[in-house]
Amino acid sequence: MMKEKSIELLNKAIADELTAVHQYMYFHFHCDDQGYDLLANLFRKTAIEEMMHIERLAERILFLDGEVEMAASDQVKKIHEVKEMLDLAVAMETSSANDYNHWANECSQNADSASKKLFEALVEDEERHFDQYDDEMDNMRKFGDNYLALQSIERSKNIGGGGAPA
């Protein structure tokens, strides 16, 4: 096994996952501030799942006697429009799934089936994230600004006590 190559790929994945955590938390903060609770919670939940990916990647690196690099691959993009947030999220998830598929094959070629399996598991998660963001994009296309308005109104009802009685 050429563990150095696996460690390099695992650290690249950590960098991408750190970028995703930062970006999704940024989106979470801004969606929450705008009253879009459903989207805010989706971004927060995804960020937490990406943090769990980092943990799994780091554990594998340490098992291979490597050094865990904790530097994001990119800066947070200051996006405030929901459609642009979703466009970026879809692009990020697509890129991660493609990279992880490729890196799983590289690990396999280097006789590292455990890292291969880890990357394959991450592909499944990234594809699920993609699907969630793609569904939100569909909602935006179908319902336009009404979709966001409904989320904001729902929050106002809950905060103002206008929600259903407990």
# chains A, B, ... in the order shown; residues from 1 in each chain; ligands from 1
>>> residues_around(residues="range 90-93 of chain A", least_positions_apart="3", cutoff="8 Å", atoms="only C-alpha atoms", output="ChimeraX atom specification")
/A:20,86-87,96-97,126-127,129-130,133-134
>>> write_last_selection(atoms="N, CA and C atoms", output="JSON list (two decimals), in the first residue's frame")
[["chain", "number", "residue", "atom", "x", "y", "z"],
["A", 20, "ALA", "N", -16.60, 23.33, 3.11],
["A", 20, "ALA", "CA", -18.04, 23.12, 3.11],
["A", 20, "ALA", "C", -18.65, 23.50, 4.47],
["A", 86, "LEU", "N", -27.95, 28.03, -3.06],
["A", 86, "LEU", "CA", -28.29, 26.68, -3.49],
["A", 86, "LEU", "C", -27.47, 26.27, -4.72],
["A", 87, "ASP", "N", -27.25, 27.22, -5.64],
["A", 87, "ASP", "CA", -26.41, 26.93, -6.81],
["A", 87, "ASP", "C", -25.02, 26.50, -6.37],
["A", 96, "SER", "N", -17.52, 17.36, -4.89],
["A", 96, "SER", "CA", -17.05, 16.42, -3.85],
["A", 96, "SER", "C", -17.33, 14.98, -4.25],
["A", 97, "ALA", "N", -18.53, 14.71, -4.73],
["A", 97, "ALA", "CA", -18.88, 13.34, -5.13],
["A", 97, "ALA", "C", -17.97, 12.87, -6.26],
["A", 126, "GLU", "N", -22.55, 12.72, 0.01],
["A", 126, "GLU", "CA", -22.51, 13.91, -0.85],
["A", 126, "GLU", "C", -23.63, 13.88, -1.88],
["A", 127, "GLU", "N", -23.94, 12.70, -2.40],
["A", 127, "GLU", "CA", -25.05, 12.59, -3.36],
["A", 127, "GLU", "C", -26.38, 12.87, -2.68],
["A", 129, "HIS", "N", -26.74, 14.89, -0.07],
["A", 129, "HIS", "CA", -26.74, 16.35, 0.11],
["A", 129, "HIS", "C", -27.12, 17.04, -1.20],
["A", 130, "PHE", "N", -26.53, 16.59, -2.30],
["A", 130, "PHE", "CA", -26.85, 17.15, -3.61],
["A", 130, "PHE", "C", -28.36, 17.07, -3.84],
["A", 133, "TYR", "N", -30.32, 19.65, -1.83],
["A", 133, "TYR", "CA", -30.20, 21.01, -2.37],
["A", 133, "TYR", "C", -30.90, 21.12, -3.72],
["A", 134, "ASP", "N", -30.85, 20.07, -4.51],
["A", 134, "ASP", "CA", -31.53, 20.07, -5.80],
["A", 134, "ASP", "C", -33.04, 20.16, -5.58]]
>>> residues_around(residues="Glu8 in chain A", least_positions_apart="5", cutoff="10 Å", atoms="only C-alpha atoms", output="short mmCIF file (atom, residue, chain, number, x, y, z; two decimals) with N, CA and C atoms, in the first residue's frame")
data_model
loop_
_atom_site.label_atom_id
_atom_site.label_comp_id
_atom_site.auth_asym_id
_atom_site.auth_seq_id
_atom_site.Cartn_x
_atom_site.Cartn_y
_atom_site.Cartn_z
N LYS A 3 0.66 4.34 1.32
CA LYS A 3 -0.16 5.11 2.24
C LYS A 3 0.04 6.62 2.09
N ALA A 13 -9.47 15.84 1.01
CA ALA A 13 -10.89 15.73 1.37
C ALA A 13 -11.19 16.55 2.62
N ILE A 14 -10.30 16.52 3.60
CA ILE A 14 -10.51 17.33 4.81
C ILE A 14 -10.57 18.81 4.44
N ILE A 61 -6.46 9.01 8.55
CA ILE A 61 -5.10 9.56 8.38
C ILE A 61 -4.22 9.15 9.55
N GLY A 66 -0.27 9.33 9.44
CA GLY A 66 -0.09 10.60 8.74
C GLY A 66 -0.40 11.77 9.64
N GLU A 67 -0.16 12.94 9.12
CA GLU A 67 -0.46 14.20 9.82
C GLU A 67 -1.75 14.78 9.25
N VAL A 68 -2.67 15.13 10.13
CA VAL A 68 -3.95 15.71 9.71
C VAL A 68 -3.73 17.20 9.45
N GLU A 69 -4.04 17.61 8.24
CA GLU A 69 -3.94 19.03 7.86
C GLU A 69 -5.32 19.66 8.00
#
>>> residues_around(residues="Leu57 in chain A", least_positions_apart="2", cutoff="12 Å", atoms="only C-alpha atoms", output="mmCIF file with N, CA and C atoms, in the first residue's frame")
data_model
loop_
_atom_site.group_PDB
_atom_site.id
_atom_site.type_symbol
_atom_site.label_atom_id
_atom_site.label_comp_id
_atom_site.auth_asym_id
_atom_site.auth_seq_id
_atom_site.Cartn_x
_atom_site.Cartn_y
_atom_site.Cartn_z
ATOM 1 N N SER A 6 -2.646 7.911 -0.151
ATOM 2 C CA SER A 6 -3.936 7.917 0.551
ATOM 3 C C SER A 6 -4.007 9.078 1.533
ATOM 4 N N ILE A 7 -2.936 9.294 2.277
ATOM 5 C CA ILE A 7 -2.904 10.405 3.244
ATOM 6 C C ILE A 7 -3.092 11.734 2.515
ATOM 7 N N GLU A 8 -2.436 11.894 1.386
ATOM 8 C CA GLU A 8 -2.578 13.119 0.590
ATOM 9 C C GLU A 8 -4.039 13.319 0.166
ATOM 10 N N LEU A 9 -4.671 12.281 -0.334
ATOM 11 C CA LEU A 9 -6.060 12.381 -0.788
ATOM 12 C C LEU A 9 -7.009 12.616 0.382
ATOM 13 N N LEU A 10 -6.780 11.944 1.494
ATOM 14 C CA LEU A 10 -7.613 12.126 2.678
ATOM 15 C C LEU A 10 -7.507 13.568 3.191
ATOM 16 N N ASN A 11 -6.305 14.148 3.154
ATOM 17 C CA ASN A 11 -6.132 15.539 3.572
ATOM 18 C C ASN A 11 -6.782 16.506 2.593
ATOM 19 N N LYS A 12 -6.765 16.186 1.303
ATOM 20 C CA LYS A 12 -7.487 17.020 0.328
ATOM 21 C C LYS A 12 -8.974 17.018 0.653
ATOM 22 N N ALA A 13 -9.475 15.844 1.008
ATOM 23 C CA ALA A 13 -10.886 15.735 1.365
ATOM 24 C C ALA A 13 -11.190 16.553 2.623
ATOM 25 N N ILE A 14 -10.299 16.517 3.599
ATOM 26 C CA ILE A 14 -10.506 17.331 4.806
ATOM 27 C C ILE A 14 -10.566 18.810 4.438
ATOM 28 N N ALA A 15 -9.688 19.263 3.576
ATOM 29 C CA ALA A 15 -9.688 20.670 3.161
ATOM 30 C C ALA A 15 -11.024 21.040 2.511
ATOM 31 N N ASP A 16 -11.524 20.167 1.650
ATOM 32 C CA ASP A 16 -12.810 20.429 0.998
ATOM 33 C C ASP A 16 -13.955 20.402 2.005
ATOM 34 N N GLU A 17 -13.910 19.466 2.928
ATOM 35 C CA GLU A 17 -14.970 19.368 3.936
ATOM 36 C C GLU A 17 -14.954 20.583 4.877
ATOM 37 N N LEU A 18 -13.761 21.054 5.228
ATOM 38 C CA LEU A 18 -13.679 22.263 6.059
ATOM 39 C C LEU A 18 -14.273 23.463 5.330
ATOM 40 N N GLU A 50 -20.851 17.287 7.522
ATOM 41 C CA GLU A 50 -19.520 17.481 6.935
ATOM 42 C C GLU A 50 -18.442 17.440 8.029
ATOM 43 N N MET A 51 -18.769 17.956 9.226
ATOM 44 C CA MET A 51 -17.824 17.865 10.344
ATOM 45 C C MET A 51 -17.570 16.406 10.713
ATOM 46 N N MET A 52 -18.610 15.600 10.653
ATOM 47 C CA MET A 52 -18.446 14.178 10.956
ATOM 48 C C MET A 52 -17.583 13.506 9.886
ATOM 49 N N HIS A 53 -17.684 13.973 8.642
ATOM 50 C CA HIS A 53 -16.805 13.450 7.588
ATOM 51 C C HIS A 53 -15.352 13.762 7.928
ATOM 52 N N ILE A 54 -15.097 14.976 8.390
ATOM 53 C CA ILE A 54 -13.738 15.380 8.755
ATOM 54 C C ILE A 54 -13.195 14.445 9.827
ATOM 55 N N GLU A 55 -14.027 14.131 10.796
ATOM 56 C CA GLU A 55 -13.588 13.234 11.873
ATOM 57 C C GLU A 55 -13.204 11.864 11.325
ATOM 58 N N GLU A 59 -9.430 10.302 11.387
ATOM 59 C CA GLU A 59 -9.150 9.018 12.035
ATOM 60 C C GLU A 59 -8.394 8.088 11.092
ATOM 61 N N ARG A 60 -8.774 8.098 9.828
ATOM 62 C CA ARG A 60 -8.090 7.243 8.850
ATOM 63 C C ARG A 60 -6.653 7.708 8.640
ATOM 64 N N ILE A 61 -6.458 9.014 8.547
ATOM 65 C CA ILE A 61 -5.104 9.556 8.377
ATOM 66 C C ILE A 61 -4.224 9.150 9.552
ATOM 67 N N LEU A 62 -4.739 9.294 10.748
ATOM 68 C CA LEU A 62 -3.961 8.937 11.935
ATOM 69 C C LEU A 62 -3.661 7.442 11.963
ATOM 70 N N PHE A 63 -4.617 6.619 11.538
ATOM 71 C CA PHE A 63 -4.367 5.185 11.456
ATOM 72 C C PHE A 63 -3.211 4.888 10.503
ATOM 73 N N LEU A 64 -3.120 5.673 9.426
ATOM 74 C CA LEU A 64 -2.045 5.494 8.439
ATOM 75 C C LEU A 64 -0.746 6.182 8.868
ATOM 76 N N GLY A 66 -0.270 9.334 9.440
ATOM 77 C CA GLY A 66 -0.091 10.600 8.739
ATOM 78 C C GLY A 66 -0.404 11.775 9.638
ATOM 79 N N GLU A 67 -0.156 12.942 9.119
ATOM 80 C CA GLU A 67 -0.458 14.200 9.823
ATOM 81 C C GLU A 67 -1.746 14.777 9.252
ATOM 82 N N VAL A 68 -2.673 15.125 10.129
ATOM 83 C CA VAL A 68 -3.945 15.710 9.713
ATOM 84 C C VAL A 68 -3.731 17.205 9.454
ATOM 85 N N GLU A 69 -4.044 17.611 8.236
ATOM 86 C CA GLU A 69 -3.937 19.029 7.863
ATOM 87 C C GLU A 69 -5.319 19.656 8.003
ATOM 88 N N MET A 70 -5.408 20.739 8.768
ATOM 89 C CA MET A 70 -6.707 21.354 9.048
ATOM 90 C C MET A 70 -6.821 22.735 8.405
ATOM 91 N N TYR A 100 -14.404 12.311 -4.770
ATOM 92 C CA TYR A 100 -14.338 11.138 -3.907
ATOM 93 C C TYR A 100 -14.434 9.846 -4.708
ATOM 94 N N ALA A 114 -9.518 0.173 2.639
ATOM 95 C CA ALA A 114 -10.241 0.860 3.720
ATOM 96 C C ALA A 114 -10.491 2.329 3.360
ATOM 97 N N SER A 115 -9.476 3.002 2.807
ATOM 98 C CA SER A 115 -9.677 4.392 2.379
ATOM 99 C C SER A 115 -10.648 4.438 1.206
ATOM 100 N N LYS A 116 -10.553 3.454 0.320
ATOM 101 C CA LYS A 116 -11.486 3.359 -0.811
ATOM 102 C C LYS A 116 -12.916 3.295 -0.292
ATOM 103 N N LYS A 117 -13.164 2.433 0.688
ATOM 104 C CA LYS A 117 -14.507 2.279 1.248
ATOM 105 C C LYS A 117 -14.970 3.570 1.924
ATOM 106 N N LEU A 118 -14.059 4.251 2.594
ATOM 107 C CA LEU A 118 -14.408 5.517 3.234
ATOM 108 C C LEU A 118 -14.852 6.533 2.180
ATOM 109 N N PHE A 119 -14.076 6.658 1.108
ATOM 110 C CA PHE A 119 -14.455 7.596 0.049
ATOM 111 C C PHE A 119 -15.789 7.208 -0.587
ATOM 112 N N ALA A 121 -18.277 5.687 0.872
ATOM 113 C CA ALA A 121 -19.329 6.064 1.826
ATOM 114 C C ALA A 121 -19.582 7.573 1.773
ATOM 115 N N LEU A 122 -18.505 8.347 1.637
ATOM 116 C CA LEU A 122 -18.666 9.796 1.554
ATOM 117 C C LEU A 122 -19.404 10.192 0.282
#
>>> residues_around(residues="Glu136 in chain A", least_positions_apart="4", cutoff="12 Å", atoms="only C-alpha atoms", output="MDAnalysis selection string")
chainID A and resid 38:40 42:43 82:87 89:90 129:132 140:144 147:148
>>> atom_distance(atom1="CA of Asn139 in chain A", atom2="CA of Gln151 in chain A")
12.0 Å
>>> select_by_dssp(residues="range 10-166 of chain A", states="alpha helix (DSSP H)", output="PyMOL selection string")
chain A and resi 10-33+37-63+82-109+113-143+145-159
>>> atom_distance(atom1="CA of Ser73 in chain A", atom2="CA of Met2 in chain A")
23.7 Å
>>> atom_distance(atom1="CA of Asp138 in chain A", atom2="CA of Val21 in chain A")
23.4 Å
>>> closest_residue(among="A:Ser113, A:His102, A:Cys31, A:Arg56", to="Arg44 in chain A", atoms="only C-alpha atoms")
A:Cys31
